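Worksheet for the structure shown next.
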Amino acid sequence: MQSLAIPIDQLEATALKVREHIIKMSTDGGCFVGASLSAADLIVYLYSEFLNINPNNLDDPDRDYLFLSKGHDVPALYGTFAELGLLERDRLKNHLALNDHIYWHPNTHIPGIEFHSGSLGHLPSVAIGVAMDIKIRGGKNKVICIMGDGELNEGTCWEAALVANAHKLDNLIFVIDRNHFQANMPTEELIPLEPLTDKFEAFGAAVKRIDGHNFEALHEAFSAFPFETGKLNVVIADTVRGKGLPSIERRADRWFCNFNAEEVASLLKELHGEHLTNLTSETLVVR
């Protein structure tokens with residue numbers, strides 16, 4: 001395994017900044033805070049260390065591709081873009097503003113966003129199309145599709161796994177943000193997913209399951225790419241929804257948050273290890 005090009009403490013510092021951005025976007029209309037926080041470390045690692053994507057090659061046909069199928073995690077993507085120079089930091093203040101394209105789901109008007117997403121289960125098929133094109137052209141590009149665990153209730157995800165293996169797309173990685181929640185219910189209470197590793201292996205994939213908040217574990221897994229020649233790669237990243245904010249970690253009722261200004265200020269302090277936040281804003285419940 002090659003050593004990390006970027007020190008872990010620097011990756012952790014970037015992820016902390018991304019979490020700050022997520023919290024700041026959780027007011028004046030709100031955002032999907034919990035899932036964005038669970039995916040922050042993963043997205044920071046991929047763009048900082050693994051993918052050939054930078055502000056200067058966004059139109060280069062030899063770049064790598066990342067598709068955020070669980071599009072509601074886009075605050076983590078926006079924050080990462082801002083920290084790595086793909087997006088001006090000041091534009092994050094335009095979240096949900098009518099004069100910009102920064103809102104609840106990815107928008108291709110923002111450089112670096114490869115495809116619109118929001119309706120779950122769609123982008124695995126898009127990623128397959130891109131991976132197949134690369135294979136036909138003899139390219140070396142890597143293609144990643146990040147999915148939520150609740151998203152796996154969509155049959156298209158499993159059809160995509162079958163097709164990817166039928167075409168031996170070992171240049172493709174499905175990454176599952178396994179935070180164990182779907183909207184405001186635990187996945188295992190709604191439609192149980194486990195044993196998830198066994199299921200993907202039964203569909204022909206090569207699977208690695210890791211701690212999605214541990215940069216060493218992330219690097220060890222992705223450094224082994226491709227995991228097996230001729231097989232779809234799958235990384236199941238076990239994460240904590242709301243990671244970094246004990247006030248909302250693993251809380252089913254805090255999947256979407258529209259915090260007031262006082263809560264945001266307190267949550268930013270909580271992120272840095274200060275007191276827990278007394279949350280008074282309403283929660284969003286779906287049944």
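So you can find residues: chains in the structure tokens are A, B, ... in the order shown, residues in each start at 1, and ligands are numbered from 1 in order.
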Looking only at alpha helix (DSSP H) from DSSP on the backbone, list the matching residues of segment 18-213 of chain A as a PyMOL selection string. chain A and resi 18-24+33-45+74-84+123-137+155-166+187-190+196-202
Output the selection as a short mmCIF file (atom, residue, chain, number, x, y, z; two decimals), in the first residue's frame - C-alpha atoms for each residue.
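This is the output file out-v8.cif:
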data_model
loop_
_atom_site.label_atom_id
_atom_site.label_comp_id
_atom_site.auth_asym_id
_atom_site.auth_seq_id
_atom_site.Cartn_x
_atom_site.Cartn_y
_atom_site.Cartn_z
CA VAL A 18 -16.33 20.78 5.46
CA ARG A 19 -18.47 20.02 8.51
CA GLU A 20 -18.44 23.71 9.39
CA HIS A 21 -19.75 24.50 5.90
CA ILE A 22 -22.49 21.88 6.26
CA ILE A 23 -23.65 23.37 9.55
CA LYS A 24 -23.72 26.86 8.06
CA VAL A 33 -27.37 17.61 7.66
CA GLY A 34 -27.14 14.10 9.11
CA ALA A 35 -26.33 12.30 5.87
CA SER A 36 -23.96 15.05 4.76
CA LEU A 37 -21.98 14.74 7.98
CA SER A 38 -21.79 10.96 7.63
CA ALA A 39 -20.31 11.25 4.13
CA ALA A 40 -17.91 14.15 4.77
CA ASP A 41 -14.76 12.12 5.55
CA LEU A 42 -15.38 9.80 2.64
CA ILE A 43 -15.82 12.63 0.12
CA VAL A 44 -12.83 14.55 1.46
CA TYR A 45 -10.62 11.47 1.12
CA VAL A 74 -24.44 17.54 -1.60
CA PRO A 75 -23.56 19.97 1.23
CA ALA A 76 -20.58 17.67 1.92
CA LEU A 77 -19.66 17.88 -1.76
CA TYR A 78 -20.08 21.68 -1.86
CA GLY A 79 -17.95 22.02 1.26
CA THR A 80 -15.22 19.78 -0.17
CA PHE A 81 -15.24 21.71 -3.44
CA ALA A 82 -14.85 24.96 -1.50
CA GLU A 83 -11.92 23.66 0.54
CA LEU A 84 -10.11 22.19 -2.48
CA LEU A 123 -26.93 7.21 -10.91
CA PRO A 124 -25.49 3.68 -10.64
CA SER A 125 -26.73 3.15 -14.19
CA VAL A 126 -25.23 6.46 -15.32
CA ALA A 127 -21.91 5.49 -13.75
CA ILE A 128 -22.06 2.14 -15.57
CA GLY A 129 -22.51 3.93 -18.90
CA VAL A 130 -19.45 6.09 -18.27
CA ALA A 131 -17.38 3.11 -17.09
CA MET A 132 -18.36 1.10 -20.17
CA ASP A 133 -17.38 3.98 -22.46
CA ILE A 134 -14.00 4.21 -20.76
CA LYS A 135 -13.46 0.47 -21.17
CA ILE A 136 -14.37 0.63 -24.87
CA ARG A 137 -11.95 3.54 -25.39
CA GLY A 155 -34.12 -2.36 -7.41
CA THR A 156 -32.13 -0.41 -10.01
CA CYS A 157 -29.10 -0.50 -7.69
CA TRP A 158 -29.04 -4.29 -7.75
CA GLU A 159 -29.75 -4.45 -11.48
CA ALA A 160 -26.79 -2.11 -11.93
CA ALA A 161 -24.55 -4.44 -9.90
CA LEU A 162 -25.55 -7.34 -12.15
CA VAL A 163 -24.86 -5.36 -15.32
CA ALA A 164 -21.52 -4.03 -14.02
CA ASN A 165 -20.30 -7.54 -13.33
CA ALA A 166 -21.67 -8.89 -16.61
CA THR A 187 -32.76 0.77 7.79
CA GLU A 188 -32.98 -2.49 9.70
CA GLU A 189 -36.43 -1.59 11.02
CA LEU A 190 -37.78 -0.53 7.64
CA LEU A 196 -24.86 -6.50 3.02
CA THR A 197 -21.37 -7.78 2.19
CA ASP A 198 -22.73 -11.23 1.39
CA LYS A 199 -25.42 -9.77 -0.86
CA PHE A 200 -23.00 -7.78 -3.00
CA GLU A 201 -20.64 -10.74 -3.22
CA ALA A 202 -23.55 -12.91 -4.34
#
Can you list every residue in segment 5-96 of chain A that DSSP puts in strand (DSSP E or B), as a compact mmCIF listing (two decimals) with all heavy atoms, in the first residue's frame?
# COMPACT_ATOMS: atom_id res chain seq x y z
N THR A 27 -29.37 26.34 7.76
CA THR A 27 -30.31 27.34 8.22
C THR A 27 -30.94 28.03 7.02
O THR A 27 -30.55 27.78 5.87
CB THR A 27 -29.61 28.36 9.14
OG1 THR A 27 -30.59 29.19 9.76
CG2 THR A 27 -28.62 29.22 8.37
N CYS A 31 -31.00 21.84 5.26
CA CYS A 31 -30.42 20.84 4.35
C CYS A 31 -30.42 19.49 5.06
O CYS A 31 -30.81 19.38 6.22
CB CYS A 31 -29.01 21.24 3.91
SG CYS A 31 -27.78 21.24 5.23
N TYR A 65 -14.15 10.23 -12.44
CA TYR A 65 -15.55 10.67 -12.32
C TYR A 65 -16.11 10.25 -10.96
O TYR A 65 -15.90 9.11 -10.52
CB TYR A 65 -16.42 10.03 -13.41
CG TYR A 65 -16.11 10.50 -14.80
CD1 TYR A 65 -15.06 9.94 -15.53
CD2 TYR A 65 -16.86 11.50 -15.41
CE1 TYR A 65 -14.77 10.35 -16.83
CE2 TYR A 65 -16.58 11.93 -16.71
CZ TYR A 65 -15.54 11.35 -17.40
OH TYR A 65 -15.26 11.78 -18.68
N LEU A 66 -16.83 11.17 -10.32
CA LEU A 66 -17.58 10.82 -9.13
C LEU A 66 -19.03 11.23 -9.32
O LEU A 66 -19.32 12.39 -9.66
CB LEU A 66 -17.02 11.49 -7.88
CG LEU A 66 -17.70 11.05 -6.56
CD1 LEU A 66 -16.68 10.91 -5.43
CD2 LEU A 66 -18.82 11.99 -6.15
N PHE A 67 -19.93 10.28 -9.10
CA PHE A 67 -21.37 10.52 -9.20
C PHE A 67 -21.96 10.36 -7.80
O PHE A 67 -21.83 9.31 -7.18
CB PHE A 67 -22.02 9.54 -10.16
CG PHE A 67 -21.55 9.69 -11.58
CD1 PHE A 67 -20.52 8.89 -12.07
CD2 PHE A 67 -22.12 10.64 -12.41
CE1 PHE A 67 -20.08 9.03 -13.38
CE2 PHE A 67 -21.68 10.79 -13.71
CZ PHE A 67 -20.66 9.99 -14.21
N LEU A 68 -22.61 11.43 -7.32
CA LEU A 68 -23.23 11.40 -6.00
C LEU A 68 -24.69 11.02 -6.17
O LEU A 68 -25.56 11.86 -6.33
CB LEU A 68 -23.10 12.77 -5.32
CG LEU A 68 -23.56 12.85 -3.86
CD1 LEU A 68 -22.71 11.95 -2.97
CD2 LEU A 68 -23.51 14.28 -3.36
Contacts of Lys168 of chain A within 8 Å, only C-alpha atoms, excl. fewer than 5 positions in-chain, as a ChimeraX atom specification: /A:229-232
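The smallest atom-to-atom distance between His72 of chain A and any of A:Leu193, A:Leu51, A:Trp255, A:Glu88, using only C-alpha atoms, is found for A:Trp255.
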So that I can check the surroundings of segment 262-272 of chain A, please list as a PDB file with N, CA and C atoms, in the first residue's frame every protein, DNA and RNA residue that reaches within 7 Å of it, counting only C-alpha atoms and ignoring chain neighbours fewer than 2 positions away.
ATOM      1  N   GLU A  20     -18.037  22.339   9.075  1.00  0.00           N
ATOM      2  CA  GLU A  20     -18.443  23.712   9.389  1.00  0.00           C
ATOM      3  C   GLU A  20     -19.340  24.268   8.279  1.00  0.00           C
ATOM      4  N   ILE A  23     -22.853  22.770   8.480  1.00  0.00           N
ATOM      5  CA  ILE A  23     -23.653  23.369   9.551  1.00  0.00           C
ATOM      6  C   ILE A  23     -24.170  24.746   9.125  1.00  0.00           C
ATOM      7  N   LYS A  24     -23.316  25.523   8.485  1.00  0.00           N
ATOM      8  CA  LYS A  24     -23.723  26.865   8.060  1.00  0.00           C
ATOM      9  C   LYS A  24     -24.801  26.815   6.976  1.00  0.00           C
ATOM     10  N   GLY A 244     -19.872  14.062  14.289  1.00  0.00           N
ATOM     11  CA  GLY A 244     -19.227  15.300  14.701  1.00  0.00           C
ATOM     12  C   GLY A 244     -20.088  16.167  15.582  1.00  0.00           C
ATOM     13  N   LEU A 245     -21.395  15.909  15.587  1.00  0.00           N
ATOM     14  CA  LEU A 245     -22.333  16.674  16.412  1.00  0.00           C
ATOM     15  C   LEU A 245     -23.092  15.708  17.319  1.00  0.00           C
ATOM     16  N   PHE A 259     -31.971  24.725  11.112  1.00  0.00           N
ATOM     17  CA  PHE A 259     -31.633  25.316  12.403  1.00  0.00           C
ATOM     18  C   PHE A 259     -31.773  26.834  12.366  1.00  0.00           C
ATOM     19  N   ASN A 260     -32.067  27.409  13.521  1.00  0.00           N
ATOM     20  CA  ASN A 260     -32.056  28.863  13.609  1.00  0.00           C
ATOM     21  C   ASN A 260     -30.626  29.343  13.849  1.00  0.00           C
ATOM     22  N   GLU A 274     -17.078  21.809  22.346  1.00  0.00           N
ATOM     23  CA  GLU A 274     -17.701  22.531  23.443  1.00  0.00           C
ATOM     24  C   GLU A 274     -19.044  21.889  23.811  1.00  0.00           C
ATOM     25  N   HIS A 275     -19.858  22.590  24.555  1.00  0.00           N
ATOM     26  CA  HIS A 275     -21.094  22.059  25.130  1.00  0.00           C
ATOM     27  C   HIS A 275     -22.055  21.528  24.062  1.00  0.00           C
ATOM     28  N   LEU A 276     -22.955  20.641  24.473  1.00  0.00           N
ATOM     29  CA  LEU A 276     -24.011  20.176  23.584  1.00  0.00           C
ATOM     30  C   LEU A 276     -24.995  21.310  23.313  1.00  0.00           C
ATOM     31  N   THR A 277     -25.681  21.214  22.192  1.00  0.00           N
ATOM     32  CA  THR A 277     -26.608  22.259  21.785  1.00  0.00           C
ATOM     33  C   THR A 277     -28.031  21.916  22.194  1.00  0.00           C
ATOM     34  N   LEU A 279     -31.432  22.011  21.143  1.00  0.00           N
ATOM     35  CA  LEU A 279     -32.120  22.183  19.864  1.00  0.00           C
ATOM     36  C   LEU A 279     -33.614  22.429  20.090  1.00  0.00           C
TER      37      LEU A 279
END
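Atom pair atom CA of Phe50 of chain A / atom CA of Arg241 of chain A has a distance of 23.3 Å (rounded to one decimal).
The two atoms in question, atom CA of Arg178 of chain A and atom CA of Leu46 of chain A, are spaced 16.4 Å apart.
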